[in-house]
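The structure appears below as structure tokens.
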Amino acid sequence: MRYRVTLIEGDGIGPEVTGATCRILEAAGAPVEWERVTAGERAFAEGGHPLPEAVIESLRRNRVGLKGPLGTPKGSGYRSANVQLRQKLQLFVGWRPVRSLPGIASRYSDVDVVVLRENTEGLYAGIEHQIRDDTVVSLKLSSRGAATRIARWAFEYARNHGRRKITVCHKKSVLPLGDGAFVDAFFEVGQDYPFMAQEEASLDQISMSLAEDPSQFDVLLLENLYGDILSDLCAGLVGGLGVVPGANVGHEVALFEAVHGTAPDIAGRGIADPLAVLLSGCLMVEWMGAHDVGRRVRDAIDVVLEAGQVRTGDLGGTANTEEFAQAIIDAMEGRP
Ligand code: NAI
């Protein structure tokens with residue numbers, strides 16, 4: 001049985017890193033067939049729109065996608081295709097598992113935190129008004145429905161993935177209504193999961209504790225802006241955005257993607273690090289139930305990183321994208 005997966009190569013380094021990822025997943029025996037569609041700057045140049053309807057249709061049909069980074073066409077007047085994808089497909093969960101990797105220098109070696117970010121509300125609703133010449137009001141949207149929806153997803157995720165504890169993040173001291181409702185919804189849903197440890201902590205408290213000792217956290221549940229910031233902070237604990245996978249998930253569609261951008265400074269040179277998209281690809285095949293394929297690729301990544309001989313420039317090495325991809329395929333096939 002093979003599954004059709006929507007593939008958006010993306011802009012800048014996107015085709016290079018997704019190309020390497022597809023090659024490795026295919027070598028690992030991933031049961032997928034790619035349906036290629038174009039979004040972002042390339043789609044804008046070709047057809048005048050960064051998110052053609054064909055992309056949305058393909059994702060709705062296949063329900064799973066892998067995406068390279070997308071650039072926002074300058075001066076086009078369009079909102080980012082990434083934001084549009086999340087809104088049109090109601091990809092309400094930003095899912096970023098952050099784990100230490102062998103041989104990657106960072107402050108901690110035992111990080112294993114999953115960051116879950118509410119993707120659709122908060123300040124990203126984009127509600128701003130100029131109320132006086134020198135004054136703007138930027139509104140933060142918080143609905144009980146969205147808070148309950150992501151809380152339910154978080155508990156189901158934690159239960160199905162063997163996690164122990166969920167910490168909900170807030171700034172209730174200054175936003176007792178909005179953030180208060182986010183926390184209340186979390187504990188209300190949590191009553192259905194009495195076997196899961198559940199706690200609340202303020203944004204400032206979590207930020208300090210993450211820097212001091214990230215091992216005290218397991219799953220973090222955050223509204224949009226806090227999630228945006230703390231997910232990058234967590235990435236920084238294990239070596240940065242280049243080594244962290246991600247996905248945006250809704251009830252109908254799951255779109256797997258790296259969190260880094262199009263890296264225009266190195267695009268087209270074949271030297272980009274494919275690791276973040278590759279790890280996102282591992283998450284994707286595991287999500288589809290092909291755990292053996294994900295494990296095979298992850299083990300090979302660990303072997304290559306631990307040996308430290310073949311690395312791309314961002315990790316202090318001299319290998320290019322294809323050499324790194326080949327090293328992983330060789331490790332999977334038992335070649336030194
Ligand atoms: P960026 O992540 O593209 O680049 C920041 C730095 O990291 C650059 O020095 C780049 O060379 C390096 N870098 C990023 N990914 C790398 C990789 N895989 N291997 C080696 N080095 C890597 O961020 P920037 O410059 O802020 O954004 C560039 C474009 O990407 C913008 O148009 C932005 O809108 C878009 N972007 C798209 C995202 C997405 O589609 N999810 C996320 C972030 C930015």
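Identifiers in this document derive from the order of the structure tokens: chains are assigned A, B, ..., residues are numbered from 1 separately in each chain, and ligands are numbered from 1 in order of occurrence.
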
May I have a table of the residues of region 114-179 of chain A lying at most 12 Å from region 223-246 of chain A, giving each one's closest pair of atoms and their distance in Å to one decimal, counting only C-alpha atoms, ordered by chain and ascending residue number, as a tab-separated table?
residue	atom	partner	partner_atom	distance
A:Val114	CA	A:Ser231	CA	8.8
A:Val115	CA	A:Ser231	CA	6.1
A:Leu116	CA	A:Gly227	CA	7.1
A:Arg117	CA	A:Gly227	CA	4.8
A:Glu118	CA	A:Glu223	CA	4.8
A:Asn119	CA	A:Asn224	CA	5.4
A:Thr120	CA	A:Asn224	CA	7.2
A:Glu121	CA	A:Asn224	CA	6.5
A:Gly122	CA	A:Asn224	CA	5.6
A:Leu123	CA	A:Leu225	CA	6.8
A:Tyr124	CA	A:Asn224	CA	7.1
A:Ala125	CA	A:Asn224	CA	9.6
A:Gly126	CA	A:Asn224	CA	11.9
A:Lys140	CA	A:Leu225	CA	9.7
A:Leu141	CA	A:Asn224	CA	10.0
A:Ser142	CA	A:Glu223	CA	8.8
A:Ser143	CA	A:Glu223	CA	10.9
A:Arg144	CA	A:Glu223	CA	11.9
A:Ala146	CA	A:Glu223	CA	9.7
A:Ala147	CA	A:Glu223	CA	8.2
A:Thr148	CA	A:Glu223	CA	11.7
A:Arg149	CA	A:Glu223	CA	11.9
A:Ile150	CA	A:Glu223	CA	9.3
A:Ala151	CA	A:Glu223	CA	10.5
A:Val168	CA	A:Glu223	CA	9.0
A:Cys169	CA	A:Glu223	CA	7.7
A:His170	CA	A:Glu223	CA	7.9
A:Lys171	CA	A:Tyr226	CA	9.4
A:Gly178	CA	A:Glu223	CA	10.1
A:Asp179	CA	A:Glu223	CA	8.3

Hey, can you spit out that residue selection with C-alpha atoms as a PDB file, in the first residue's frame?
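Output below, filename selection.pdb:
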ATOM      1  CA  VAL A 114       7.322  18.894  22.566  1.00  0.00           C
ATOM      2  CA  VAL A 115       6.059  22.401  21.877  1.00  0.00           C
ATOM      3  CA  LEU A 116       2.396  22.676  20.824  1.00  0.00           C
ATOM      4  CA  ARG A 117       1.347  26.111  19.613  1.00  0.00           C
ATOM      5  CA  GLU A 118      -2.196  27.350  18.928  1.00  0.00           C
ATOM      6  CA  ASN A 119      -1.873  28.541  15.338  1.00  0.00           C
ATOM      7  CA  THR A 120      -5.053  30.424  14.520  1.00  0.00           C
ATOM      8  CA  GLU A 121      -5.729  33.129  17.127  1.00  0.00           C
ATOM      9  CA  GLY A 122      -3.903  35.458  19.499  1.00  0.00           C
ATOM     10  CA  LEU A 123      -2.185  38.483  18.025  1.00  0.00           C
ATOM     11  CA  TYR A 124      -1.880  36.639  14.673  1.00  0.00           C
ATOM     12  CA  ALA A 125      -5.535  37.302  13.980  1.00  0.00           C
ATOM     13  CA  GLY A 126      -4.097  40.574  12.657  1.00  0.00           C
ATOM     14  CA  LYS A 140      -5.339  39.554  20.883  1.00  0.00           C
ATOM     15  CA  LEU A 141      -8.129  37.173  19.911  1.00  0.00           C
ATOM     16  CA  SER A 142      -8.861  34.332  22.374  1.00  0.00           C
ATOM     17  CA  SER A 143     -11.866  32.058  21.977  1.00  0.00           C
ATOM     18  CA  ARG A 144     -12.886  29.296  24.320  1.00  0.00           C
ATOM     19  CA  ALA A 146      -9.977  27.323  19.980  1.00  0.00           C
ATOM     20  CA  ALA A 147      -8.535  26.828  23.467  1.00  0.00           C
ATOM     21  CA  THR A 148     -10.636  23.702  24.008  1.00  0.00           C
ATOM     22  CA  ARG A 149      -9.800  22.351  20.547  1.00  0.00           C
ATOM     23  CA  ILE A 150      -6.046  22.520  21.036  1.00  0.00           C
ATOM     24  CA  ALA A 151      -6.236  21.306  24.654  1.00  0.00           C
ATOM     25  CA  VAL A 168       0.075  25.109  29.896  1.00  0.00           C
ATOM     26  CA  CYS A 169       1.712  28.508  29.529  1.00  0.00           C
ATOM     27  CA  HIS A 170       0.033  31.845  30.293  1.00  0.00           C
ATOM     28  CA  LYS A 171       0.342  35.448  31.340  1.00  0.00           C
ATOM     29  CA  GLY A 178      -7.961  35.757  27.545  1.00  0.00           C
ATOM     30  CA  ASP A 179      -5.088  33.734  29.006  1.00  0.00           C
TER      31      ASP A 179
END

Checklist entry - Do you know which residues are within 9 Å of ligand 1 using only C-alpha atoms and all ligand atoms? Can you write them as a count of residues only? => result 45

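Between Leu66 (chain A) and the candidates A:Val249, A:Leu139, A:Ala45, A:Leu221, the tightest atom-to-atom separation, counting only C-alpha atoms, involves A:Val249.
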
Give me the region 12-38 of chain A side of the contact with region 53-57 of chain A, cut-off 9 Å, one line per residue showing its nearest atom pair and distance in Å at one decimal, counting only C-alpha atoms, sorted by chain and residue number, as CSV.
residue,atom,partner,partner_atom,distance
A:Arg36,CA,A:Val55,CA,9.0
A:Val37,CA,A:Val55,CA,5.9
A:Thr38,CA,A:Val55,CA,7.0

Restrict the selected residues to all heavy atoms and save them as a compact mmCIF listing (two decimals), in the first residue's frame.
# COMPACT_ATOMS: atom_id res chain seq x y z
N ARG A 36 3.40 16.54 -6.73
CA ARG A 36 4.10 17.82 -6.63
C ARG A 36 3.19 18.99 -7.00
O ARG A 36 2.53 18.95 -8.04
CB ARG A 36 5.31 17.84 -7.57
CG ARG A 36 6.43 16.96 -7.08
CD ARG A 36 7.47 16.67 -8.15
NE ARG A 36 8.17 15.46 -7.78
CZ ARG A 36 9.25 15.44 -6.99
NH1 ARG A 36 9.77 16.56 -6.55
NH2 ARG A 36 9.81 14.29 -6.66
N VAL A 37 3.18 20.00 -6.13
CA VAL A 37 2.45 21.24 -6.42
C VAL A 37 3.36 22.41 -6.05
O VAL A 37 4.32 22.26 -5.31
CB VAL A 37 1.12 21.33 -5.62
CG1 VAL A 37 0.11 20.32 -6.11
CG2 VAL A 37 1.36 21.18 -4.13
N THR A 38 3.04 23.57 -6.60
CA THR A 38 3.92 24.72 -6.41
C THR A 38 3.22 25.83 -5.65
O THR A 38 2.09 26.20 -5.98
CB THR A 38 4.36 25.27 -7.80
OG1 THR A 38 4.90 24.19 -8.54
CG2 THR A 38 5.43 26.35 -7.65

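Using only C-alpha atoms, the smallest distance between any of A:Val93, A:Ala211, A:Leu203, A:Ala197 and Val111 (chain A) comes from A:Ala211.
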
Item to check | Residue set, region 82-323 of chain A restricted to alpha helix (DSSP H), as number ranges by chain | outcome: A: 82-88, 144-160, 178-190, 203-212, 224-237, 275-287, 291-307, 321-323

Save the residues we just selected, C-alpha atoms, as an mmCIF file, in the first residue's frame?
data_model
loop_
_atom_site.group_PDB
_atom_site.id
_atom_site.type_symbol
_atom_site.label_atom_id
_atom_site.label_comp_id
_atom_site.auth_asym_id
_atom_site.auth_seq_id
_atom_site.Cartn_x
_atom_site.Cartn_y
_atom_site.Cartn_z
ATOM 1 C CA ASN A 82 2.355 29.887 5.195
ATOM 2 C CA VAL A 83 -0.209 31.882 7.171
ATOM 3 C CA GLN A 84 -2.823 31.351 4.431
ATOM 4 C CA LEU A 85 -2.214 27.592 4.461
ATOM 5 C CA ARG A 86 -2.745 27.448 8.224
ATOM 6 C CA GLN A 87 -5.931 29.479 8.021
ATOM 7 C CA LYS A 88 -7.507 27.899 4.941
ATOM 8 C CA ARG A 144 -12.886 29.296 24.320
ATOM 9 C CA GLY A 145 -13.542 27.069 21.282
ATOM 10 C CA ALA A 146 -9.977 27.323 19.980
ATOM 11 C CA ALA A 147 -8.535 26.828 23.467
ATOM 12 C CA THR A 148 -10.636 23.702 24.008
ATOM 13 C CA ARG A 149 -9.800 22.351 20.547
ATOM 14 C CA ILE A 150 -6.046 22.520 21.036
ATOM 15 C CA ALA A 151 -6.236 21.306 24.654
ATOM 16 C CA ARG A 152 -8.068 18.182 23.449
ATOM 17 C CA TRP A 153 -5.474 17.655 20.711
ATOM 18 C CA ALA A 154 -2.649 18.069 23.240
ATOM 19 C CA PHE A 155 -4.043 15.490 25.661
ATOM 20 C CA GLU A 156 -4.754 13.003 22.878
ATOM 21 C CA TYR A 157 -1.252 13.551 21.491
ATOM 22 C CA ALA A 158 0.353 13.120 24.924
ATOM 23 C CA ARG A 159 -1.591 9.948 25.599
ATOM 24 C CA ASN A 160 -0.847 8.399 22.216
ATOM 25 C CA GLY A 178 -7.961 35.757 27.545
ATOM 26 C CA ASP A 179 -5.088 33.734 29.006
ATOM 27 C CA GLY A 180 -7.294 32.785 31.948
ATOM 28 C CA ALA A 181 -9.757 31.133 29.561
ATOM 29 C CA PHE A 182 -6.925 29.299 27.772
ATOM 30 C CA VAL A 183 -5.814 27.805 31.094
ATOM 31 C CA ASP A 184 -9.381 27.048 32.254
ATOM 32 C CA ALA A 185 -10.153 25.209 29.014
ATOM 33 C CA PHE A 186 -6.966 23.177 29.446
ATOM 34 C CA PHE A 187 -7.885 21.980 32.950
ATOM 35 C CA GLU A 188 -11.478 21.345 31.957
ATOM 36 C CA VAL A 189 -10.421 19.054 29.103
ATOM 37 C CA GLY A 190 -7.738 17.603 31.402
ATOM 38 C CA LEU A 203 5.511 32.614 30.389
ATOM 39 C CA ASP A 204 8.323 34.284 32.313
ATOM 40 C CA GLN A 205 8.663 31.384 34.719
ATOM 41 C CA ILE A 206 8.823 28.851 31.856
ATOM 42 C CA SER A 207 11.369 30.941 29.949
ATOM 43 C CA MET A 208 13.742 31.007 32.909
ATOM 44 C CA SER A 209 13.215 27.338 33.744
ATOM 45 C CA LEU A 210 13.845 26.271 30.131
ATOM 46 C CA ALA A 211 17.187 28.057 30.191
ATOM 47 C CA GLU A 212 18.102 26.578 33.599
ATOM 48 C CA ASN A 224 0.182 31.647 19.294
ATOM 49 C CA LEU A 225 2.757 34.316 20.174
ATOM 50 C CA TYR A 226 4.185 32.558 23.240
ATOM 51 C CA GLY A 227 4.469 29.412 21.126
ATOM 52 C CA ASP A 228 6.236 31.248 18.321
ATOM 53 C CA ILE A 229 8.855 32.599 20.693
ATOM 54 C CA LEU A 230 9.370 29.636 23.000
ATOM 55 C CA SER A 231 9.520 27.112 20.156
ATOM 56 C CA ASP A 232 12.559 28.959 18.782
ATOM 57 C CA LEU A 233 14.016 29.180 22.272
ATOM 58 C CA CYS A 234 13.641 25.396 22.569
ATOM 59 C CA ALA A 235 15.255 24.924 19.153
ATOM 60 C CA GLY A 236 18.183 26.984 20.439
ATOM 61 C CA LEU A 237 18.632 24.504 23.281
ATOM 62 C CA LEU A 275 18.289 17.718 8.351
ATOM 63 C CA ALA A 276 15.282 19.765 9.504
ATOM 64 C CA VAL A 277 13.136 18.787 6.497
ATOM 65 C CA LEU A 278 14.381 15.206 6.754
ATOM 66 C CA LEU A 279 13.398 14.992 10.431
ATOM 67 C CA SER A 280 10.016 16.471 9.470
ATOM 68 C CA GLY A 281 9.772 13.721 6.853
ATOM 69 C CA CYS A 282 10.470 11.145 9.596
ATOM 70 C CA LEU A 283 7.670 12.622 11.694
ATOM 71 C CA MET A 284 5.443 12.415 8.630
ATOM 72 C CA VAL A 285 6.022 8.745 7.842
ATOM 73 C CA GLU A 286 5.611 7.901 11.542
ATOM 74 C CA TRP A 287 2.362 9.892 11.565
ATOM 75 C CA HIS A 291 7.329 3.669 12.252
ATOM 76 C CA ASP A 292 9.958 1.267 10.924
ATOM 77 C CA VAL A 293 10.862 3.696 8.112
ATOM 78 C CA GLY A 294 11.107 6.637 10.509
ATOM 79 C CA ARG A 295 13.276 4.616 12.890
ATOM 80 C CA ARG A 296 15.591 3.496 10.066
ATOM 81 C CA VAL A 297 16.210 7.068 8.948
ATOM 82 C CA ARG A 298 16.588 8.408 12.512
ATOM 83 C CA ASP A 299 19.110 5.706 13.391
ATOM 84 C CA ALA A 300 21.123 6.516 10.261
ATOM 85 C CA ILE A 301 21.048 10.239 11.083
ATOM 86 C CA ASP A 302 22.361 9.442 14.576
ATOM 87 C CA VAL A 303 25.162 7.288 13.154
ATOM 88 C CA VAL A 304 26.269 10.005 10.726
ATOM 89 C CA LEU A 305 26.077 12.833 13.265
ATOM 90 C CA GLU A 306 27.830 10.837 15.952
ATOM 91 C CA ALA A 307 30.701 9.924 13.609
ATOM 92 C CA THR A 321 23.640 18.585 0.676
ATOM 93 C CA GLU A 322 24.040 15.560 -1.573
ATOM 94 C CA GLU A 323 27.115 14.242 0.263
#

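CA of Phe256 (chain A) is found 25.0 Å from CA of Ser109 (chain A).
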
Next on the checklist: Could you list, as a PyMOL selection string, every residue within 10 Å of Ala27 (chain A), counting only C-alpha atoms and ignoring same-chain residues fewer than 4 positions away?
Outcome noted: chain A and resi 21-23+293+297+328-330+332-333

I need the chosen residues saved as a short mmCIF file (atom, residue, chain, number, x, y, z; two decimals), in the first residue's frame, with C-alpha atoms.
data_model
loop_
_atom_site.label_atom_id
_atom_site.label_comp_id
_atom_site.auth_asym_id
_atom_site.auth_seq_id
_atom_site.Cartn_x
_atom_site.Cartn_y
_atom_site.Cartn_z
CA THR A 21 14.73 14.26 1.88
CA CYS A 22 12.69 12.46 -0.79
CA ARG A 23 15.78 10.53 -1.92
CA VAL A 293 10.86 3.70 8.11
CA VAL A 297 16.21 7.07 8.95
CA ILE A 328 22.71 8.81 5.55
CA ILE A 329 21.71 6.40 2.78
CA ASP A 330 25.06 4.60 3.18
CA MET A 332 21.03 2.91 6.37
CA GLU A 333 22.44 0.34 4.00
#

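Here the question is which of A:Pro194, A:Gly29, A:Gly270, A:Pro176 gets nearest to Arg164 (chain A) using only C-alpha atoms, and that residue is A:Pro194.
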
Checklist entry - Can you list every residue in region 5-151 of chain A that DSSP puts in strand (DSSP E or B), as JSON, numbers by chain? => result {"A": [5, 6, 7, 8, 32, 33, 34, 35, 36, 37, 64, 65, 66, 67, 93, 94, 95, 96, 97, 98, 99, 112, 113, 114, 115, 116, 117, 118, 122, 123, 124, 125, 126, 127, 128, 129, 130, 131, 132, 135, 136, 137, 138, 139, 140, 141]}
